[in-house]
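Structure file data07.pdb (PDB, C-alpha atoms) is printed below.
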```
MODEL        1
ATOM      1  CA  MET J   1       0.000   0.000   0.000
ATOM      2  CA  GLU J   2       1.488   3.291  -1.131
ATOM      3  CA  ASN J   3      -0.312   5.653   1.227
ATOM      4  CA  GLY J   4       0.976   4.174   4.454
ATOM      5  CA  SER J   5      -1.868   3.379   6.843
ATOM      6  CA  ILE J   6      -4.241   6.187   5.866
ATOM      7  CA  TRP J   7      -7.485   4.799   4.528
ATOM      8  CA  ARG J   8      -9.996   7.506   3.628
ATOM      9  CA  PHE J   9     -12.957   5.268   4.427
ATOM     10  CA  ASN J  10     -11.839   4.813   8.057
ATOM     11  CA  GLN J  11     -15.017   4.871  10.137
ATOM     12  CA  ALA J  12     -13.549   3.795  13.472
ATOM     13  CA  LYS J  13     -14.041   7.310  14.892
ATOM     14  CA  ALA J  14     -16.909   8.436  12.664
ATOM     15  CA  GLU J  15     -20.442   9.215  13.780
ATOM     16  CA  PRO J  16     -22.996   6.423  13.120
ATOM     17  CA  PRO J  17     -24.880   6.778   9.813
ATOM     18  CA  THR J  18     -28.117   8.713  10.173
ATOM     19  CA  SER J  19     -29.795   8.280   6.796
ATOM     20  CA  THR J  20     -30.159   5.818   3.970
ATOM     21  CA  CYS J  21     -29.586   6.226   0.254
ATOM     22  CA  GLY J  22     -32.228   7.686  -2.018
ATOM     23  CA  GLY J  23     -34.532   5.547  -4.112
ATOM     24  CA  PHE J  24     -33.858   7.111  -7.515
ATOM     25  CA  SER J  25     -33.396   4.549 -10.286
ATOM     26  CA  ILE J  26     -34.331   3.750 -13.878
ATOM     27  CA  ARG J  27     -37.209   1.695 -12.511
ATOM     28  CA  SER J  28     -38.596   4.719 -10.657
ATOM     29  CA  VAL J  29     -38.430   6.764 -13.876
ATOM     30  CA  LEU J  30     -40.260   4.030 -15.787
ATOM     31  CA  ASP J  31     -42.907   3.789 -13.074
ATOM     32  CA  ALA J  32     -43.469   7.547 -13.312
ATOM     33  CA  ILE J  33     -43.815   7.336 -17.103
ATOM     34  CA  TYR J  34     -46.282   4.461 -16.978
ATOM     35  CA  ALA J  35     -48.298   6.219 -14.273
ATOM     36  CA  ASN J  36     -48.851   9.151 -16.622
ATOM     37  CA  LEU J  37     -49.979   7.140 -19.650
ATOM     38  CA  ASP J  38     -53.571   7.488 -20.805
ATOM     39  CA  PRO J  39     -55.333   4.196 -19.918
ATOM     40  CA  GLU J  40     -57.853   4.867 -22.704
ATOM     41  CA  ASP J  41     -55.128   5.000 -25.351
ATOM     42  CA  SER J  42     -54.977   1.622 -27.114
ATOM     43  CA  ARG J  43     -51.632   2.193 -28.822
ATOM     44  CA  PRO J  44     -48.919  -0.309 -27.740
ATOM     45  CA  VAL J  45     -46.247   0.971 -25.395
ATOM     46  CA  ASP J  46     -42.724  -0.436 -25.357
ATOM     47  CA  ILE J  47     -40.200   1.248 -23.061
ATOM     48  CA  PRO J  48     -37.433  -1.337 -22.454
ATOM     49  CA  LEU J  49     -34.583   1.038 -21.525
ATOM     50  CA  GLY J  50     -32.172  -1.821 -20.950
ATOM     51  CA  HIS J  51     -34.631  -4.477 -19.761
ATOM     52  CA  ASP J  52     -32.938  -6.312 -16.883
ATOM     53  CA  ASP J  53     -35.417  -9.146 -16.294
ATOM     54  CA  PRO J  54     -34.637 -12.049 -18.647
ATOM     55  CA  SER J  55     -37.349 -14.205 -17.043
ATOM     56  CA  ALA J  56     -39.956 -12.010 -18.769
ATOM     57  CA  PHE J  57     -39.080 -13.768 -22.039
ATOM     58  CA  SER J  58     -40.145 -17.371 -22.606
ATOM     59  CA  SER J  59     -36.766 -18.371 -24.045
ATOM     60  CA  PHE J  60     -35.067 -17.735 -20.685
ATOM     61  CA  ARG J  61     -35.849 -20.123 -17.859
ATOM     62  CA  THR J  62     -33.887 -21.167 -14.792
ATOM     63  CA  PHE J  63     -32.562 -24.670 -14.215
ATOM     64  CA  ASP J  64     -34.848 -27.436 -12.966
ATOM     65  CA  VAL J  65     -32.422 -28.086 -10.120
ATOM     66  CA  ALA J  66     -33.063 -24.559  -8.813
ATOM     67  CA  VAL J  67     -36.841 -24.974  -8.928
ATOM     68  CA  ASP J  68     -36.623 -28.400  -7.287
ATOM     69  CA  ALA J  69     -34.445 -26.966  -4.511
ATOM     70  CA  VAL J  70     -37.048 -24.299  -3.723
ATOM     71  CA  VAL J  71     -39.869 -26.851  -3.743
ATOM     72  CA  GLU J  72     -37.909 -29.113  -1.412
ATOM     73  CA  ALA J  73     -37.195 -26.216   0.956
ATOM     74  CA  VAL J  74     -40.885 -25.255   1.060
ATOM     75  CA  ARG J  75     -42.069 -28.789   1.696
ATOM     76  CA  SER J  76     -39.530 -29.360   4.454
ATOM     77  CA  SER J  77     -41.221 -26.730   6.682
ATOM     78  CA  ARG J  78     -37.778 -25.955   8.092
ATOM     79  CA  PHE J  79     -37.565 -22.485   6.584
ATOM     80  CA  ASN J  80     -40.829 -20.782   7.549
ATOM     81  CA  SER J  81     -39.394 -18.464  10.190
ATOM     82  CA  TYR J  82     -37.598 -15.132  10.010
ATOM     83  CA  ALA J  83     -34.096 -15.214   8.566
ATOM     84  CA  PRO J  84     -31.075 -13.826  10.479
ATOM     85  CA  SER J  85     -30.185 -10.265   9.526
ATOM     86  CA  VAL J  86     -27.078 -11.336   7.575
ATOM     87  CA  GLY J  87     -28.679 -14.458   6.053
ATOM     88  CA  ILE J  88     -28.619 -18.060   7.212
ATOM     89  CA  LEU J  89     -25.267 -19.779   7.590
ATOM     90  CA  PRO J  90     -25.738 -22.413   4.815
ATOM     91  CA  ALA J  91     -26.515 -19.676   2.274
ATOM     92  CA  ARG J  92     -23.552 -17.520   3.327
ATOM     93  CA  LYS J  93     -21.284 -20.568   3.280
ATOM     94  CA  ALA J  94     -22.496 -21.539  -0.212
ATOM     95  CA  VAL J  95     -21.900 -18.035  -1.607
ATOM     96  CA  GLY J  96     -18.435 -17.897  -0.038
ATOM     97  CA  GLU J  97     -17.477 -21.270  -1.504
ATOM     98  CA  TYR J  98     -18.880 -20.350  -4.923
ATOM     99  CA  LEU J  99     -16.923 -17.089  -5.129
ATOM    100  CA  SER J 100     -13.749 -18.641  -3.688
ATOM    101  CA  GLU J 101     -13.495 -20.937  -6.719
ATOM    102  CA  ASN J 102     -12.123 -17.988  -8.700
ATOM    103  CA  LEU J 103      -9.971 -16.405  -5.974
ATOM    104  CA  PRO J 104      -6.424 -17.004  -4.713
ATOM    105  CA  TYR J 105      -7.763 -17.255  -1.147
ATOM    106  CA  ASN J 106     -10.894 -18.597   0.554
ATOM    107  CA  LEU J 107     -13.817 -16.530   1.772
ATOM    108  CA  SER J 108     -15.610 -17.421   4.983
ATOM    109  CA  PRO J 109     -19.351 -17.138   5.776
ATOM    110  CA  ASP J 110     -18.460 -14.101   7.896
ATOM    111  CA  ASP J 111     -17.424 -12.314   4.703
ATOM    112  CA  VAL J 112     -20.931 -12.712   3.241
ATOM    113  CA  TYR J 113     -24.035 -10.590   3.920
ATOM    114  CA  MET J 114     -27.213 -11.781   2.179
ATOM    115  CA  THR J 115     -29.493  -9.019   0.887
ATOM    116  CA  ALA J 116     -32.896  -8.654  -0.783
ATOM    117  CA  GLY J 117     -31.712  -7.225  -4.089
ATOM    118  CA  CYS J 118     -28.453  -5.707  -5.300
ATOM    119  CA  ASN J 119     -29.806  -2.220  -4.592
ATOM    120  CA  GLN J 120     -29.910  -3.158  -0.922
ATOM    121  CA  ALA J 121     -26.351  -4.485  -1.042
ATOM    122  CA  ALA J 122     -25.237  -1.188  -2.567
ATOM    123  CA  GLU J 123     -27.187   0.731   0.075
ATOM    124  CA  ILE J 124     -25.416  -1.100   2.892
ATOM    125  CA  ALA J 125     -22.001  -0.491   1.319
ATOM    126  CA  ILE J 126     -22.603   3.197   0.648
ATOM    127  CA  GLU J 127     -24.182   3.958   4.009
ATOM    128  CA  ALA J 128     -21.314   2.245   5.835
ATOM    129  CA  LEU J 129     -18.799   4.408   3.970
ATOM    130  CA  ALA J 130     -20.820   7.624   4.160
ATOM    131  CA  ARG J 131     -19.856  10.696   6.112
ATOM    132  CA  PRO J 132     -20.421  14.439   5.509
ATOM    133  CA  GLY J 133     -18.771  15.484   2.248
ATOM    134  CA  ALA J 134     -17.743  11.972   1.203
ATOM    135  CA  ASN J 135     -17.814  11.062  -2.488
ATOM    136  CA  ILE J 136     -17.601   7.872  -4.524
ATOM    137  CA  LEU J 137     -16.080   7.702  -8.004
ATOM    138  CA  LEU J 138     -17.356   5.933 -11.074
ATOM    139  CA  PRO J 139     -14.751   4.084 -13.140
ATOM    140  CA  ARG J 140     -13.859   6.801 -15.664
ATOM    141  CA  PRO J 141     -12.144   9.170 -15.152
ATOM    142  CA  MET J 142     -10.753   8.295 -11.727
ATOM    143  CA  GLU J 143      -7.525   9.407 -10.110
ATOM    144  CA  ASN J 144      -7.714  12.991 -11.403
ATOM    145  CA  LEU J 145     -11.129  13.427  -9.744
ATOM    146  CA  ALA J 146     -10.206  11.984  -6.351
ATOM    147  CA  ASP J 147      -9.821  14.317  -3.393
ATOM    148  CA  GLU J 148      -9.498  14.020   0.381
ATOM    149  CA  ASN J 149     -13.215  13.156   0.633
ATOM    150  CA  THR J 150     -13.148  10.252  -1.830
ATOM    151  CA  VAL J 151     -13.860   6.957  -0.051
ATOM    152  CA  ALA J 152     -14.529   4.445  -2.850
ATOM    153  CA  ILE J 153     -14.658   3.713  -6.556
ATOM    154  CA  VAL J 154     -17.363   1.670  -8.291
ATOM    155  CA  ILE J 155     -16.498  -0.930 -10.917
ATOM    156  CA  ILE J 156     -19.318  -2.535 -12.929
ATOM    157  CA  ASN J 157     -17.955  -5.669 -14.534
ATOM    158  CA  PRO J 158     -19.279  -7.141 -16.802
ATOM    159  CA  GLY J 159     -20.901  -3.902 -17.889
ATOM    160  CA  ASN J 160     -24.664  -3.410 -17.927
ATOM    161  CA  PRO J 161     -26.153  -3.224 -20.522
ATOM    162  CA  CYS J 162     -23.279  -3.135 -23.042
ATOM    163  CA  GLY J 163     -21.521  -6.272 -21.734
ATOM    164  CA  ASN J 164     -17.967  -4.897 -21.778
ATOM    165  CA  VAL J 165     -15.478  -6.879 -19.692
ATOM    166  CA  TYR J 166     -12.355  -5.389 -18.101
ATOM    167  CA  THR J 167      -9.065  -7.203 -18.563
ATOM    168  CA  ASP J 168      -7.050  -8.658 -15.704
ATOM    169  CA  GLN J 169      -4.343  -6.028 -16.174
ATOM    170  CA  HIS J 170      -6.825  -3.146 -16.185
ATOM    171  CA  LEU J 171      -8.478  -4.357 -12.968
ATOM    172  CA  LYS J 172      -5.087  -4.743 -11.306
ATOM    173  CA  GLU J 173      -4.165  -1.179 -12.229
ATOM    174  CA  VAL J 174      -7.472   0.064 -10.810
ATOM    175  CA  ALA J 175      -6.798  -1.836  -7.577
ATOM    176  CA  GLU J 176      -3.286  -0.377  -7.305
ATOM    177  CA  THR J 177      -4.628   3.132  -7.901
ATOM    178  CA  ALA J 178      -7.335   2.642  -5.270
ATOM    179  CA  SER J 179      -4.711   1.443  -2.798
ATOM    180  CA  LYS J 180      -2.569   4.485  -3.573
ATOM    181  CA  LEU J 181      -5.554   6.748  -2.892
ATOM    182  CA  GLY J 182      -6.580   4.823   0.225
ATOM    183  CA  ILE J 183     -10.090   4.032  -1.000
ATOM    184  CA  VAL J 184     -12.163   0.861  -1.205
ATOM    185  CA  GLU J 185     -13.393  -0.907  -4.356
ATOM    186  CA  ILE J 186     -17.120  -1.537  -4.831
ATOM    187  CA  ALA J 187     -17.518  -4.170  -7.562
ATOM    188  CA  ASP J 188     -20.961  -4.695  -9.090
ATOM    189  CA  GLU J 189     -20.640  -8.200 -10.545
ATOM    190  CA  VAL J 190     -24.304  -9.154 -10.898
ATOM    191  CA  TYR J 191     -23.581 -10.152 -14.507
ATOM    192  CA  GLY J 192     -20.466 -12.118 -13.527
ATOM    193  CA  HIS J 193     -19.499 -14.840 -16.047
ATOM    194  CA  LEU J 194     -22.063 -13.603 -18.600
ATOM    195  CA  THR J 195     -19.456 -12.468 -21.101
ATOM    196  CA  PHE J 196     -19.131 -12.032 -24.863
ATOM    197  CA  GLY J 197     -15.952 -11.918 -26.891
ATOM    198  CA  SER J 198     -12.469 -13.049 -25.910
ATOM    199  CA  ASN J 199     -12.024 -11.324 -22.532
ATOM    200  CA  PRO J 200     -12.798 -13.687 -19.622
ATOM    201  CA  PHE J 201     -14.549 -12.425 -16.516
ATOM    202  CA  VAL J 202     -12.091 -11.715 -13.678
ATOM    203  CA  PRO J 203     -13.561 -10.994 -10.222
ATOM    204  CA  MET J 204     -12.292  -7.765  -8.681
ATOM    205  CA  ALA J 205     -11.783  -9.716  -5.451
ATOM    206  CA  VAL J 206      -8.751 -11.391  -7.058
ATOM    207  CA  PHE J 207      -6.955  -8.198  -6.048
ATOM    208  CA  GLY J 208      -8.307  -8.104  -2.489
ATOM    209  CA  SER J 209      -4.762  -8.335  -1.114
ATOM    210  CA  ILE J 210      -3.996  -5.010  -2.843
ATOM    211  CA  VAL J 211      -7.136  -3.125  -1.807
ATOM    212  CA  PRO J 212     -10.311  -4.071   0.109
ATOM    213  CA  VAL J 213     -13.095  -5.099  -2.293
ATOM    214  CA  LEU J 214     -16.845  -5.054  -1.675
ATOM    215  CA  THR J 215     -18.513  -7.370  -4.181
ATOM    216  CA  LEU J 216     -22.194  -7.018  -5.048
ATOM    217  CA  GLY J 217     -23.542 -10.242  -6.521
ATOM    218  CA  SER J 218     -26.714 -12.151  -7.241
ATOM    219  CA  ILE J 219     -28.293 -15.303  -8.645
ATOM    220  CA  SER J 220     -30.713 -13.043 -10.552
ATOM    221  CA  LYS J 221     -29.066 -12.928 -13.965
ATOM    222  CA  ARG J 222     -26.937 -16.070 -14.258
ATOM    223  CA  TRP J 223     -29.779 -18.247 -12.945
ATOM    224  CA  VAL J 224     -32.571 -16.117 -14.500
ATOM    225  CA  VAL J 225     -34.502 -15.564 -11.259
ATOM    226  CA  PRO J 226     -34.451 -11.808 -10.448
ATOM    227  CA  GLY J 227     -37.759 -12.055  -8.612
ATOM    228  CA  TRP J 228     -36.236 -14.333  -5.983
ATOM    229  CA  HIS J 229     -34.195 -11.404  -4.637
ATOM    230  CA  VAL J 230     -31.226 -13.469  -3.477
ATOM    231  CA  ASN J 231     -28.230 -11.156  -3.506
ATOM    232  CA  TRP J 232     -25.116 -10.586  -1.462
ATOM    233  CA  LEU J 233     -22.530  -8.114  -0.303
ATOM    234  CA  VAL J 234     -19.159  -9.821   0.153
ATOM    235  CA  THR J 235     -16.016  -8.389   1.733
ATOM    236  CA  SER J 236     -12.780  -9.582   0.110
ATOM    237  CA  ASP J 237     -10.136  -8.270   2.450
ATOM    238  CA  PRO J 238      -7.368 -10.745   3.401
ATOM    239  CA  ASN J 239      -5.514  -7.976   5.261
ATOM    240  CA  ASP J 240      -8.556  -7.256   7.467
ATOM    241  CA  ILE J 241      -8.435  -3.523   6.721
ATOM    242  CA  LEU J 242     -12.229  -3.094   6.775
ATOM    243  CA  HIS J 243     -12.409  -4.517  10.285
ATOM    244  CA  LYS J 244      -9.618  -2.261  11.537
ATOM    245  CA  CYS J 245     -11.374   0.771  10.036
ATOM    246  CA  GLY J 246     -14.724  -0.099  11.627
ATOM    247  CA  VAL J 247     -16.527  -0.659   8.337
ATOM    248  CA  ARG J 248     -17.465  -4.317   8.835
ATOM    249  CA  PHE J 249     -19.153  -3.454  12.135
ATOM    250  CA  LEU J 250     -21.271  -0.863  10.308
ATOM    251  CA  PHE J 251     -22.313  -3.479   7.726
ATOM    252  CA  LEU J 252     -23.789  -5.538  10.541
ATOM    253  CA  CYS J 253     -25.502  -2.554  12.180
ATOM    254  CA  ILE J 254     -27.076  -1.400   8.922
ATOM    255  CA  SER J 255     -28.199  -4.885   7.880
ATOM    256  CA  LEU J 256     -30.185  -5.219  11.129
ATOM    257  CA  LYS J 257     -32.697  -2.589   9.963
ATOM    258  CA  LEU J 258     -33.245  -3.839   6.404
ATOM    259  CA  ASN J 259     -35.470  -6.503   4.874
ATOM    260  CA  HIS J 260     -33.812  -9.702   3.720
ATOM    261  CA  PRO J 261     -34.491 -12.535   1.259
ATOM    262  CA  PRO J 262     -37.292 -14.861   2.361
ATOM    263  CA  LEU J 263     -35.785 -17.624   4.461
ATOM    264  CA  VAL J 264     -37.139 -20.358   2.199
ATOM    265  CA  ILE J 265     -35.445 -18.806  -0.858
ATOM    266  CA  GLY J 266     -32.275 -17.885   1.007
ATOM    267  CA  SER J 267     -31.919 -21.498   2.093
ATOM    268  CA  VAL J 268     -31.551 -22.818  -1.442
ATOM    269  CA  ARG J 269     -28.142 -24.052  -2.620
ATOM    270  CA  ILE J 270     -27.870 -24.363  -6.389
TER     271      ILE J 270
ENDMDL
END
```

Any chance you could give the structure as structure tokens?
Amino acid sequence: MENGSIWRFNQAKAEPPTSTCGGFSIRSVLDAIYANLDPEDSRPVDIPLGHDDPSAFSSFRTFDVAVDAVVEAVRSSRFNSYAPSVGILPARKAVGEYLSENLPYNLSPDDVYMTAGCNQAAEIAIEALARPGANILLPRPMENLADENTVAIVIINPGNPCGNVYTDQHLKEVAETASKLGIVEIADEVYGHLTFGSNPFVPMAVFGSIVPVLTLGSISKRWVVPGWHVNWLVTSDPNDILHKCGVRFLFLCISLKLNHPPLVIGSVRI
């Protein structure tokens, strides 16, 4: 790490978060548009704007093994109660093992926080890092926009909706720059492994030993079940920097006040 021990997202001495993120999104814009359409107008309306629900099309269906797992969980009557705030242990363990297959180190269940949607995972990450004046950078441009209030950079890989995939070398350079600046990486990898062309998908967490990485992931796209709302926020931080800076504690505190995936769905291992 080039900046010594100064991490700009250090929350060990910060005031607890007092507000949550706003609800502005493409979906909210679409809802507003549809709400203002004339119900008496018979003309067809098609406003896809990067449709992100493949299950709406008959050619996309999830695997039978996933459906059977849900049915089995429902019939067992073992998952009818409230789920723990961070998700049940088998689900967190399964996500950790799944992601570890592509990493040079192993994740533990304690690194995994189950969420009801990727928006919620992003909300937890951003609220934990928030403080007055703080800012978060999007991938381009980066270093020339960073200042003393910058706490994180967001990487969306593979890209949505264009499907671009960053190379291993590019991601490493981003990680090294983030380490130099003393900021954390937030990696939206909901479309992980859904790639086109010659560039393979490389998880940002591969570079967790260079800079702490917060991975936002989901079964929504790869398994074609966005309505199940099984998502996760995962900390990839072999050097335990997030714990030392008080950020992991805030993840737990924030997750206690949010809704979570239904226990019966969160129990499924596919």

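Taking all atoms listed in the file, the non-local environment of region 171-173 of chain J within 10 Å (same-chain residues fewer than 5 positions away omitted) comprises Ile155, Asn157, Tyr166, Ala178, Ser179, Val202, Pro203, Met204, Ala205, Val206, Phe207, Gly208, Ile210 and Val211 of chain J.
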
- So, counting all atoms listed in the file, which residue among J:Tyr98, J:Phe63, J:Trp232, J:Tyr191 is closest to Ala122 (chain J)?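 Of J:Tyr98, J:Phe63, J:Trp232, J:Tyr191, the one nearest Ala122 (chain J) is J:Trp232, counting all atoms listed in the file.
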
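Shortest atom-to-atom contact with Asp111 (chain J) among J:Ile153, J:Val234, J:Val29, J:Ala175: J:Val234, counting only C-alpha atoms.
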
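Going from CA of Pro200 (chain J) over to CA of Pro54 (chain J), you cover 21.9 Å.
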
- Explicit residue set for the PyMOL selection byres ((chain J and resi 128) around 8), as an MDAnalysis selection string: chainID J and resid 17 124:127 129:130 247 250:251 254

- Query: Expressed in Å to a single decimal, how great is the separation between CA of Thr115 (chain J) and CA of Asn231 (chain J)?
  - Reply: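 Computing it gives 5.0 Å between the two atoms.
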
- Using only C-alpha atoms, which of J:Cys245, J:Ile88, J:Ile183, J:Val74 sits nearest Ala146 (chain J)? J:Ile183
